[in-house]
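A.B. asks: Below you will find the structure I want to go over with you.
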Amino acid sequence: MDITPLIPGGRQVIDSYGSGRFQVSQQEYTTSILVTESWTKPWVVNGFHEITLDSLAPVLTAEVEVLLIGAGERMQLLPSPLRQSLRDAGIAVDIMETGAACRTYNLLMGDGRRVAGALLAMP
């Protein structure tokens, strides 16, 4: 029995992830990435401490309701001012390790939620 969710064509699905890489809709990325249902972009952030509102600007214009931040190998906390700025923009933020963020992104996107992932590549 196939339990893969039916996902309409053209949506960005995270196929796999691993050390320093992601595969999204059969396209390979060797950097951290920003991903929404309609696009995936390299994200020029080399560590959790480099996440800023400016680095997340593409997500702010994408009209998402949930932002999943894949923090690498372990969950970390965003500075309160950054979290508040995202909340003020109407975006709920959830931070988790990168693998969990990839899996959660696919589930929420498959359910039709307006979700984005800001995913740090794991070493």
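By convention in this document, the chains of the structure tokens carry letters A, B, ... by their order, each chain's residues are numbered from 1, and ligands are numbered from 1 in the order they are shown.
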Just list the residues in segment 19-102 of chain A DSSP gives strand (DSSP E) on the backbone, as a PyMOL selection string.

C.D. replies: chain A and resi 21-24+27-29+32-35+40-43+66-70+92-96

A.B. asks: Could you pull the residues within 9 Å of Ala92 of chain A, counting only C-alpha atoms, minus those fewer than 5 positions along the same chain, as an mmCIF file with C-alpha atoms, in the first residue's frame?

C.D. replies:
data_model
loop_
_atom_site.group_PDB
_atom_site.id
_atom_site.type_symbol
_atom_site.label_atom_id
_atom_site.label_comp_id
_atom_site.auth_asym_id
_atom_site.auth_seq_id
_atom_site.Cartn_x
_atom_site.Cartn_y
_atom_site.Cartn_z
ATOM 1 C CA VAL A 64 3.798 31.909 4.677
ATOM 2 C CA GLU A 65 2.064 31.234 7.975
ATOM 3 C CA VAL A 66 4.636 28.824 9.444
ATOM 4 C CA LEU A 67 8.432 29.006 9.302
ATOM 5 C CA LEU A 68 10.353 25.877 10.260
ATOM 6 C CA ARG A 83 11.255 35.914 17.006
ATOM 7 C CA LEU A 86 8.578 37.247 12.692
ATOM 8 C CA ARG A 87 5.531 37.069 14.948
#

A.B. asks: To one decimal in Å, tell me the separation between atom CA of Arg103 of chain A and atom CA of Ile14 of chain A.

C.D. replies: 7.9 Å

A.B. asks: For Arg11 of chain A, which residue among A:Gly47, A:Gly110, A:Pro42, A:Gly72 is the nearest when counting only C-alpha atoms?

C.D. replies: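 When distances to Arg11 of chain A are compared using only C-alpha atoms, the smallest one comes from A:Gly110.
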
A.B. asks: Can you measure atom CA of Thr30 of chain A to atom CA of Gly18 of chain A for me? One decimal in Å is fine.

C.D. replies: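 Separating atom CA of Thr30 of chain A from atom CA of Gly18 of chain A is a distance of 9.6 Å.
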
A.B. asks: If we count only C-alpha atoms and set the cut-off at 10 Å, which residues sit around segment 56-61 of chain A, ignoring sequence neighbours fewer than 3 positions away in its own chain? Please answer as a PDB file with C-alpha atoms, in the first residue's frame.

C.D. replies:
ATOM      1  CA  LEU A  34      15.176  28.388   2.023  1.00  0.00           C
ATOM      2  CA  VAL A  35      12.217  26.411   0.670  1.00  0.00           C
ATOM      3  CA  THR A  36       8.516  27.112   0.112  1.00  0.00           C
ATOM      4  CA  LYS A  41      16.860  29.057  -2.915  1.00  0.00           C
ATOM      5  CA  TRP A  43      20.584  30.393   1.855  1.00  0.00           C
ATOM      6  CA  VAL A  45      23.934  31.370   6.299  1.00  0.00           C
ATOM      7  CA  ILE A  51      20.240  33.981  11.075  1.00  0.00           C
ATOM      8  CA  THR A  52      18.849  37.512  10.806  1.00  0.00           C
ATOM      9  CA  LEU A  53      15.649  39.121   9.606  1.00  0.00           C
ATOM     10  CA  VAL A  64       3.798  31.909   4.677  1.00  0.00           C
ATOM     11  CA  GLU A  65       2.064  31.234   7.975  1.00  0.00           C
ATOM     12  CA  VAL A  66       4.636  28.824   9.444  1.00  0.00           C
ATOM     13  CA  LEU A  67       8.432  29.006   9.302  1.00  0.00           C
ATOM     14  CA  LEU A  86       8.578  37.247  12.692  1.00  0.00           C
ATOM     15  CA  ALA A  89       4.833  39.664  10.384  1.00  0.00           C
ATOM     16  CA  GLY A  90       2.199  36.997  11.123  1.00  0.00           C
ATOM     17  CA  ILE A  91       4.629  34.075  10.906  1.00  0.00           C
ATOM     18  CA  VAL A 115       4.906  26.723   5.177  1.00  0.00           C
ATOM     19  CA  ALA A 116       8.537  27.625   4.580  1.00  0.00           C
ATOM     20  CA  GLY A 117      11.739  25.980   5.702  1.00  0.00           C
ATOM     21  CA  ALA A 118      14.955  27.779   6.581  1.00  0.00           C
TER      22      ALA A 118
END
